[in-house]
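K.L.:
Hey, dropping coords.txt in here, compact mmCIF, C-alpha atoms and all ligand atoms:
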```
# COMPACT_ATOMS: atom_id res chain seq x y z
CA MET A 285 -33.85 73.74 -59.32
CA THR A 286 -35.80 76.40 -57.41
CA SER A 287 -33.79 78.43 -54.92
CA PRO A 288 -34.83 78.13 -51.27
CA THR A 289 -36.95 80.88 -49.69
CA LEU A 290 -34.79 83.04 -47.46
CA LEU A 291 -36.13 85.29 -44.70
CA ASN A 292 -33.54 87.38 -42.85
CA GLY A 293 -31.11 85.26 -44.84
CA TYR A 294 -32.38 82.04 -43.23
CA PRO A 295 -34.07 79.18 -45.10
CA PHE A 296 -37.82 78.67 -44.77
CA VAL A 297 -39.81 75.70 -46.08
CA SER A 298 -43.49 75.39 -46.96
CA TYR A 299 -45.62 73.80 -44.25
CA HIS A 300 -48.75 71.80 -45.06
CA PRO A 301 -49.99 70.04 -41.92
CA GLU A 302 -52.98 67.73 -42.26
CA THR A 303 -56.26 69.70 -42.07
CA TYR A 304 -59.87 68.47 -41.89
CA PRO A 305 -63.38 69.78 -42.55
CA PRO A 306 -65.14 71.37 -39.52
CA ASP A 307 -67.15 68.26 -38.55
CA GLU A 308 -64.06 66.16 -38.51
CA VAL A 309 -62.14 68.82 -36.56
CA ARG A 310 -64.94 68.75 -33.97
CA GLN A 311 -64.86 64.95 -33.77
CA ARG A 312 -61.08 64.81 -33.50
CA ALA A 313 -61.06 67.46 -30.75
CA VAL A 314 -63.66 65.50 -28.75
CA THR A 315 -61.87 62.19 -29.29
CA PHE A 316 -58.53 63.57 -28.10
CA TYR A 317 -60.13 65.27 -25.09
CA THR A 318 -62.02 62.11 -24.14
CA ASP A 319 -58.81 60.11 -24.24
CA LEU A 320 -56.66 62.64 -22.37
CA ASP A 321 -59.39 63.07 -19.76
CA GLN A 322 -58.69 59.45 -18.75
CA ARG A 323 -55.11 60.33 -17.76
CA ARG A 324 -54.37 60.17 -14.06
CA SER A 325 -51.30 60.68 -11.92
CA VAL A 326 -50.38 57.25 -10.62
CA ARG A 327 -48.38 56.23 -7.55
CA ASP A 328 -49.03 52.46 -7.67
CA PHE A 329 -46.70 51.06 -10.34
CA SER A 330 -46.14 47.52 -11.60
CA ASP A 331 -42.52 46.43 -11.99
CA GLN A 332 -43.32 45.17 -15.50
CA PRO A 333 -40.50 46.32 -17.82
CA VAL A 334 -40.93 48.88 -20.59
CA LEU A 335 -38.69 48.73 -23.67
CA ARG A 336 -35.93 51.33 -23.91
CA TYR A 337 -37.14 52.03 -27.45
CA VAL A 338 -40.52 53.11 -26.06
CA VAL A 339 -38.85 55.51 -23.62
CA GLU A 340 -36.66 56.88 -26.40
CA THR A 341 -39.77 57.50 -28.49
CA LEU A 342 -41.59 59.22 -25.62
CA ILE A 343 -38.58 61.50 -25.19
CA ARG A 344 -38.55 62.25 -28.92
CA THR A 345 -42.21 63.26 -28.63
CA ALA A 346 -41.52 65.52 -25.63
CA SER A 347 -38.66 67.08 -27.54
CA THR A 348 -41.04 68.18 -30.31
CA ALA A 349 -42.37 70.87 -27.93
CA PRO A 350 -42.00 74.51 -28.92
CA SER A 351 -39.32 76.38 -26.99
CA GLY A 352 -38.05 79.93 -26.59
CA ALA A 353 -36.03 80.83 -29.73
CA ASN A 354 -36.06 77.09 -30.51
CA LYS A 355 -33.29 76.51 -27.96
CA GLN A 356 -34.87 73.21 -26.78
CA PRO A 357 -33.49 73.80 -23.28
CA TRP A 358 -34.10 70.33 -21.85
CA THR A 359 -32.26 67.14 -20.97
CA PHE A 360 -34.10 63.90 -20.19
CA CYS A 361 -32.19 61.42 -18.02
CA ALA A 362 -33.75 57.96 -18.31
CA VAL A 363 -32.91 55.70 -15.38
CA SER A 364 -33.68 51.97 -15.19
CA ASP A 365 -30.55 50.98 -13.24
CA PRO A 366 -31.85 49.53 -9.95
CA GLY A 367 -28.91 50.82 -7.88
CA LEU A 368 -29.42 54.36 -9.14
CA LYS A 369 -33.19 54.13 -8.68
CA ARG A 370 -32.60 53.06 -5.06
CA GLN A 371 -30.26 55.99 -4.46
CA ILE A 372 -32.81 58.37 -5.97
CA ARG A 373 -35.54 56.90 -3.76
CA LEU A 374 -33.42 57.13 -0.60
CA GLU A 375 -32.42 60.75 -1.22
CA ALA A 376 -35.96 61.76 -2.24
CA GLU A 377 -37.39 60.14 0.89
CA LEU A 378 -34.81 61.87 3.06
CA GLU A 379 -35.97 65.29 1.77
CA GLU A 380 -39.64 64.34 1.80
CA TYR A 381 -39.45 63.10 5.40
CA THR A 382 -38.29 66.57 6.41
CA ASN A 383 -41.00 68.16 4.23
CA TYR A 384 -43.81 66.16 5.79
CA HIS A 385 -42.41 66.62 9.32
CA GLY A 386 -42.20 70.40 9.59
CA ARG A 387 -41.01 71.94 6.32
CA MET A 388 -44.49 72.07 4.72
CA SER A 389 -47.10 74.43 6.16
CA ASP A 390 -50.30 73.12 7.76
CA GLU A 391 -52.22 74.61 4.83
CA TRP A 392 -50.04 72.68 2.36
CA LEU A 393 -50.38 69.43 4.32
CA ALA A 394 -54.17 69.92 4.40
CA ALA A 395 -54.23 70.46 0.61
CA LEU A 396 -52.39 67.15 0.16
CA ARG A 397 -54.62 65.12 2.48
CA PRO A 398 -57.12 64.18 -0.30
CA LEU A 399 -54.18 62.72 -2.25
CA ALA A 400 -52.98 60.63 0.73
CA THR A 401 -49.33 61.25 -0.10
CA ASP A 402 -46.59 60.89 2.48
CA TRP A 403 -42.78 60.82 2.61
CA ARG A 404 -42.53 57.24 1.40
CA LYS A 405 -41.79 56.92 -2.36
CA PRO A 406 -41.59 53.18 -3.16
CA PHE A 407 -42.63 53.88 -6.76
CA LEU A 408 -39.16 55.35 -7.34
CA GLU A 409 -37.88 51.75 -7.20
CA THR A 410 -40.92 49.86 -8.53
CA ALA A 411 -41.44 51.82 -11.76
CA PRO A 412 -39.20 50.41 -14.51
CA TRP A 413 -38.07 53.86 -15.63
CA LEU A 414 -37.49 57.20 -13.94
CA LEU A 415 -37.27 60.13 -16.32
CA VAL A 416 -35.51 63.03 -14.70
CA VAL A 417 -36.12 66.20 -16.67
CA PHE A 418 -33.51 68.95 -16.46
CA ALA A 419 -33.94 72.57 -17.52
CA GLN A 420 -30.91 74.26 -19.10
CA ALA A 421 -30.36 77.93 -18.24
CA THR A 422 -27.75 78.13 -21.01
CA GLY A 423 -26.38 75.98 -23.84
CA PRO A 424 -23.03 74.16 -23.96
CA GLN A 425 -21.27 77.33 -25.20
CA LYS A 426 -23.04 79.50 -22.61
CA GLN A 427 -25.66 80.67 -25.15
CA LYS A 428 -28.59 82.16 -23.31
CA HIS A 429 -31.82 80.18 -23.26
CA TYR A 430 -35.20 81.91 -23.12
CA TYR A 431 -38.51 81.10 -21.43
CA VAL A 432 -36.88 78.02 -19.95
CA ASN A 433 -39.65 77.12 -17.48
CA GLU A 434 -42.36 77.57 -20.09
CA SER A 435 -40.43 75.52 -22.65
CA VAL A 436 -39.59 72.63 -20.35
CA GLY A 437 -43.14 72.66 -18.94
CA LEU A 438 -44.51 72.34 -22.47
CA ALA A 439 -42.16 69.44 -23.21
CA CYS A 440 -43.31 67.70 -20.02
CA GLY A 441 -46.96 68.21 -21.01
CA LEU A 442 -46.38 66.54 -24.35
CA LEU A 443 -44.44 63.79 -22.58
CA LEU A 444 -47.37 63.05 -20.26
CA ALA A 445 -49.79 62.97 -23.21
CA ALA A 446 -47.47 60.58 -25.08
CA ILE A 447 -47.13 58.30 -22.05
CA HIS A 448 -50.90 58.12 -21.69
CA GLN A 449 -51.44 57.58 -25.39
CA ALA A 450 -48.96 54.68 -25.32
CA GLY A 451 -51.00 53.01 -22.56
CA LEU A 452 -48.51 53.67 -19.78
CA VAL A 453 -48.83 55.73 -16.60
CA ALA A 454 -46.69 58.33 -14.91
CA LEU A 455 -46.38 60.64 -11.94
CA THR A 456 -45.09 64.20 -12.04
CA HIS A 457 -43.05 63.96 -8.87
CA THR A 458 -41.35 66.97 -7.31
CA PRO A 459 -39.14 65.93 -4.42
CA SER A 460 -38.05 69.18 -2.86
CA PRO A 461 -35.35 70.37 -2.83
CA MET A 462 -34.35 68.23 -5.80
CA ASN A 463 -30.71 69.24 -6.28
CA PHE A 464 -29.59 65.76 -5.22
CA LEU A 465 -30.68 64.63 -8.71
CA LYS A 466 -28.16 66.94 -10.33
CA ASN A 467 -25.39 65.37 -8.27
CA LEU A 468 -26.54 61.75 -8.67
CA LEU A 469 -26.90 62.13 -12.46
CA ASN A 470 -23.77 64.26 -12.90
CA ARG A 471 -25.47 67.07 -14.74
CA PRO A 472 -23.42 70.15 -15.71
CA GLY A 473 -23.67 73.58 -14.05
CA PRO A 474 -26.40 75.27 -16.17
CA GLU A 475 -28.83 72.36 -15.71
CA ARG A 476 -31.30 72.16 -12.85
CA PRO A 477 -33.74 69.37 -12.08
CA PHE A 478 -37.27 70.23 -13.19
CA LEU A 479 -39.43 67.11 -12.70
CA LEU A 480 -38.93 63.48 -11.75
CA ILE A 481 -41.33 61.30 -13.74
CA PRO A 482 -41.66 57.58 -12.98
CA ILE A 483 -43.07 55.72 -15.99
CA GLY A 484 -44.49 52.22 -16.28
CA TYR A 485 -47.60 50.06 -16.13
CA PRO A 486 -50.09 50.56 -13.32
CA ALA A 487 -50.02 47.98 -10.51
CA ALA A 488 -52.78 45.35 -10.62
CA GLU A 489 -54.27 47.14 -7.61
CA CYS A 490 -53.91 50.81 -8.48
CA LEU A 491 -55.79 53.44 -6.49
CA VAL A 492 -56.14 57.08 -7.50
CA PRO A 493 -57.99 59.76 -5.53
CA ASP A 494 -61.62 60.30 -6.51
CA ILE A 495 -61.15 63.96 -7.39
CA GLN A 496 -62.74 66.05 -10.13
CA ARG A 497 -61.40 68.31 -12.81
CA LYS A 498 -62.68 71.89 -12.88
CA THR A 499 -65.52 72.48 -15.34
CA LEU A 500 -65.04 74.44 -18.56
CA ASP A 501 -66.86 77.39 -16.97
CA GLU A 502 -64.42 77.38 -14.09
CA VAL A 503 -61.33 77.42 -16.31
CA ALA A 504 -62.32 79.39 -19.42
CA VAL A 505 -63.56 82.89 -20.26
CA PHE A 506 -64.67 83.60 -23.84
CA PHE A 507 -64.66 86.99 -25.53
CA GLU A 508 -66.50 86.09 -28.72
CA ALA A 509 -66.99 87.78 -32.04
CA THR A 510 -70.62 88.90 -32.35
CA VAL A 511 -72.41 87.33 -35.29
N1 LIG B 1 -43.38 66.71 -3.13
C1 LIG B 1 -44.15 66.05 -2.10
C2 LIG B 1 -45.39 66.80 -1.71
C3 LIG B 1 -46.40 67.02 -2.78
C4 LIG B 1 -46.66 68.31 -3.17
C5 LIG B 1 -47.63 68.56 -4.06
I1 LIG B 1 -48.06 70.49 -4.51
C6 LIG B 1 -48.39 67.51 -4.63
O1 LIG B 1 -49.38 67.76 -5.54
C7 LIG B 1 -48.13 66.21 -4.23
C8 LIG B 1 -47.11 65.97 -3.30
C9 LIG B 1 -44.50 64.61 -2.50
O2 LIG B 1 -44.21 64.23 -3.62
O3 LIG B 1 -45.02 63.88 -1.69
```
Represent the structure from my file as structure tokens, please.
P.N.:
Amino acid sequence: MTSPTLLNGYPFVSYHPETYPPDEVRQRAVTFYTDLDQRRSVRDFSDQPVLRYVVETLIRTASTAPSGANKQPWTFCAVSDPGLKRQIRLEAELEEYTNYHGRMSDEWLAALRPLATDWRKPFLETAPWLLVVFAQATGPQKQKHYYVNESVGLACGLLLAAIHQAGLVALTHTPSPMNFLKNLLNRPGPERPFLLIPIGYPAAECLVPDIQRKTLDEVAVFFEATV
């Protein structure tokens, strides 16, 4: 038997991910982009159920995200209990009512006008699942976690891609302040709510704002090797 490779005294294993010739890489990149470009944030949900197994698998995908020092500083609370969903809706709407009636600046309210959002959040009861993502400042034995926002943000990005790929829709909802979620879901001290993500099927009549993504030129700057 060959002995394992040790670096700094820790085991390393060989890694051979699938690779492809350049033409196929190009095609795969375009195909994935074309699919992900169809993803939209949705506020009109159907109440059609989604299997717990599907939600578990979406969470597993999110949890494959890279994280600072591999601490995986996230907890996903999956809520389908109607009583708890109602409580979450009521508390979110309480905060959002105050936000939309004085707590948000005029500039902020103007920025939201094209999205036609308001304090009402019926989707928090309609969607079959609410995923409440928590960020952990430390581990169970008070071990420090690193780059927590970046790590949990990455996990949420993968989660949204997985939801879309499965043929479901979601909203990245940020009721603010969102500490009520920590109390309702009994999360321990070092955890703070990060995002509230309703997941489900779109309603038969589902409207999304007719807004555009920035162009490549608007979002990218290249510093190329000269040939
Ligand atoms: N959290 C509020 C307001 C809101 C804020 C932003 I920035 C958005 O992109 C959308 C909404 C709400 O959920 O209505």
K.L.:
Mind checking which residues fall within 8 Å of A:Gln420, counting all atoms listed in the file, ignoring those fewer than 6 positions away in the same chain, and posting them as a VMD selection string?
P.N.:
chain A and resid 357 to 359 429 432 474 to 476
K.L.:
Measuring between only C-alpha atoms, which one of A:Val314, A:Cys440, A:Ala411, A:Cys361 shows the shortest distance to A:Asp331?
P.N.:
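Counting only C-alpha atoms, the residue closest to A:Asp331 is A:Ala411.
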K.L.:
Between A:Arg310, A:Arg404, A:Arg370, A:Arg344, which has the minimum distance to A:Ala439 (counting all atoms listed in the file)?
P.N.:
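Closest to A:Ala439 of all the choices is A:Arg344.
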K.L.:
Hey, can you check how far atom CA of A:Leu415 sits from atom CA of A:Gln356?
P.N.:
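Straight-line distance from atom CA of A:Leu415 to atom CA of A:Gln356 works out to 16.9 Å.
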K.L.:
Show me, as a ChimeraX atom specification, the residues that have an atom within 10 Å of A:Lys466 when counting only C-alpha atoms, minus same-chain residues fewer than 6 positions from it.
P.N.:
/A:416,418,472-473,475-477
K.L.:
Do you know which residues are within 6 Å of ligand LIG 1 (chain B) using all atoms listed in the file? Can you write them as an MDAnalysis selection string?
P.N.:
chainID A and resid 401:403 457:460
K.L.:
Would you export the selected residues with C-alpha atoms as a CSV table (one decimal), in the frame of the given file, please?
P.N.:
```csv
chain,number,residue,atom,x,y,z
A,401,THR,CA,-49.3,61.2,-0.1
A,402,ASP,CA,-46.6,60.9,2.5
A,403,TRP,CA,-42.8,60.8,2.6
A,457,HIS,CA,-43.0,64.0,-8.9
A,458,THR,CA,-41.4,67.0,-7.3
A,459,PRO,CA,-39.1,65.9,-4.4
A,460,SER,CA,-38.0,69.2,-2.9
```
K.L.:
Quick one: everything within 8 Å of A:Ala446, counting only C-alpha atoms, minus sequence neighbours fewer than 2 positions away in the same chain. Send it as number ranges by chain.
P.N.:
A: 342, 345-346, 442-444, 448-450
K.L.:
Do a neighbour search on A:Asp321 at 12 Å with all atoms listed in the file, toss out local chain neighbours closer than 5 positions, and write the hits as number ranges by chain.
P.N.:
A: 313-316, 445, 448-449, 496-498
K.L.:
Find the residue from A:Glu391, A:Asp328, A:Asp365, A:Asp319 that sits nearest to A:Gly484; use all atoms listed in the file when measuring.
P.N.:
A:Asp328
K.L.:
Might you pull out every residue within 8 Å of A:Val326, with only C-alpha atoms counted and same-chain residues fewer than 6 positions away left off, and present them as a PDB file with C-alpha atoms, in the coordinates of the input?
P.N.:
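Listing of around_29.pdb after writing:
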```
ATOM      1  CA  VAL A 453     -48.830  55.730 -16.600  1.00  0.00           C
ATOM      2  CA  ALA A 454     -46.690  58.330 -14.910  1.00  0.00           C
ATOM      3  CA  LEU A 455     -46.380  60.640 -11.940  1.00  0.00           C
ATOM      4  CA  PRO A 486     -50.090  50.560 -13.320  1.00  0.00           C
ATOM      5  CA  CYS A 490     -53.910  50.810  -8.480  1.00  0.00           C
ATOM      6  CA  LEU A 491     -55.790  53.440  -6.490  1.00  0.00           C
ATOM      7  CA  VAL A 492     -56.140  57.080  -7.500  1.00  0.00           C
TER       8      VAL A 492
END
```
K.L.:
Have a look at atom CA of A:Leu399 and atom CA of A:Val417 and let me know their distance in Å, one decimal.
P.N.:
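Going from atom CA of A:Leu399 over to atom CA of A:Val417 covers 23.4 Å.
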K.L.:
Can you work out the spacing between atom CA of A:Trp413 and atom CA of A:Pro482 in Å, to one decimal?
P.N.:
5.8 Å
K.L.:
Taking all atoms listed in the file into account, name the residue in A:Arg327, A:Arg471, A:Arg387, A:Arg312 that is nearest to A:Lys405.
P.N.:
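Selected residue with least distance to A:Lys405: A:Arg327.
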K.L.:
With all atoms listed in the file as the atoms that count, which of A:His300, A:Lys355, A:Arg324, A:Leu291 lies nearest to A:Pro424?
P.N.:
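Nearest candidate to A:Pro424 out of A:His300, A:Lys355, A:Arg324, A:Leu291: A:Lys355.
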K.L.:
Could you check the closest approach to A:Thr456 for each of A:Ala504, A:Leu368, A:Ala487, A:Leu479 and tell me which residue wins, using all atoms listed in the file?
P.N.:
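Distance minimum relative to A:Thr456 lands on A:Leu479.
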K.L.:
Put a box with edges along x, y and z around all the listed atoms of stretch 319-322 of chain A, pad it by 4 Å on each side, then give me its centre and sizes in Å, one decimal, as lines of an AutoDock Vina configuration file.
P.N.:
```
center_x = -58.0
center_y = 61.3
center_z = -21.5
size_x = 10.7
size_y = 11.6
size_z = 13.5
```
K.L.:
Would you mind putting back N, CA and C atoms on stretch 473-497 of chain A, then writing it out as a compact mmCIF listing (two decimals), keeping the file's coordinate frame?
P.N.:
```
# COMPACT_ATOMS: atom_id res chain seq x y z
N GLY A 473 -23.26 72.38 -14.78
CA GLY A 473 -23.67 73.58 -14.05
C GLY A 473 -24.99 74.23 -14.46
N PRO A 474 -25.19 74.51 -15.78
CA PRO A 474 -26.40 75.27 -16.17
C PRO A 474 -27.69 74.45 -16.09
N GLU A 475 -27.61 73.18 -15.75
CA GLU A 475 -28.83 72.36 -15.71
C GLU A 475 -29.36 72.27 -14.29
N ARG A 476 -30.70 72.39 -14.17
CA ARG A 476 -31.30 72.16 -12.85
C ARG A 476 -32.48 71.21 -13.01
N PRO A 477 -32.66 70.34 -11.99
CA PRO A 477 -33.74 69.37 -12.08
C PRO A 477 -35.09 70.07 -12.11
N PHE A 478 -35.98 69.59 -12.96
CA PHE A 478 -37.27 70.23 -13.19
C PHE A 478 -38.42 69.33 -12.71
N LEU A 479 -38.41 68.08 -13.12
CA LEU A 479 -39.43 67.11 -12.70
C LEU A 479 -38.82 65.72 -12.69
N LEU A 480 -39.32 64.90 -11.80
CA LEU A 480 -38.93 63.48 -11.75
C LEU A 480 -40.18 62.68 -12.10
N ILE A 481 -40.12 61.94 -13.20
CA ILE A 481 -41.33 61.30 -13.74
C ILE A 481 -41.14 59.78 -13.83
N PRO A 482 -41.64 59.03 -12.84
CA PRO A 482 -41.66 57.58 -12.98
C PRO A 482 -42.64 57.17 -14.08
N ILE A 483 -42.24 56.18 -14.87
CA ILE A 483 -43.07 55.72 -15.99
C ILE A 483 -43.17 54.20 -15.93
N GLY A 484 -44.34 53.67 -16.22
CA GLY A 484 -44.49 52.22 -16.28
C GLY A 484 -45.94 51.83 -16.47
N TYR A 485 -46.22 50.56 -16.13
CA TYR A 485 -47.60 50.06 -16.13
C TYR A 485 -48.17 50.29 -14.73
N PRO A 486 -49.49 50.46 -14.65
CA PRO A 486 -50.09 50.56 -13.32
C PRO A 486 -50.03 49.21 -12.61
N ALA A 487 -49.95 49.22 -11.28
CA ALA A 487 -50.02 47.98 -10.51
C ALA A 487 -51.40 47.35 -10.71
N ALA A 488 -51.49 46.03 -10.48
CA ALA A 488 -52.78 45.35 -10.62
C ALA A 488 -53.81 46.01 -9.71
N GLU A 489 -53.41 46.36 -8.51
CA GLU A 489 -54.27 47.14 -7.61
C GLU A 489 -53.76 48.57 -7.59
N CYS A 490 -54.38 49.42 -8.36
CA CYS A 490 -53.91 50.81 -8.48
C CYS A 490 -55.03 51.74 -8.03
N LEU A 491 -54.78 52.50 -6.99
CA LEU A 491 -55.79 53.44 -6.49
C LEU A 491 -55.39 54.87 -6.86
N VAL A 492 -56.36 55.64 -7.30
CA VAL A 492 -56.14 57.08 -7.50
C VAL A 492 -57.25 57.82 -6.76
N PRO A 493 -56.95 59.02 -6.28
CA PRO A 493 -57.99 59.76 -5.53
C PRO A 493 -59.20 60.07 -6.40
N ASP A 494 -60.37 60.03 -5.79
CA ASP A 494 -61.62 60.30 -6.51
C ASP A 494 -61.84 61.81 -6.51
N ILE A 495 -61.08 62.49 -7.34
CA ILE A 495 -61.15 63.96 -7.39
C ILE A 495 -61.61 64.38 -8.78
N GLN A 496 -62.12 65.60 -8.87
CA GLN A 496 -62.74 66.05 -10.13
C GLN A 496 -61.91 67.14 -10.79
N ARG A 497 -62.00 67.19 -12.10
CA ARG A 497 -61.40 68.31 -12.81
C ARG A 497 -62.36 69.50 -12.74
```
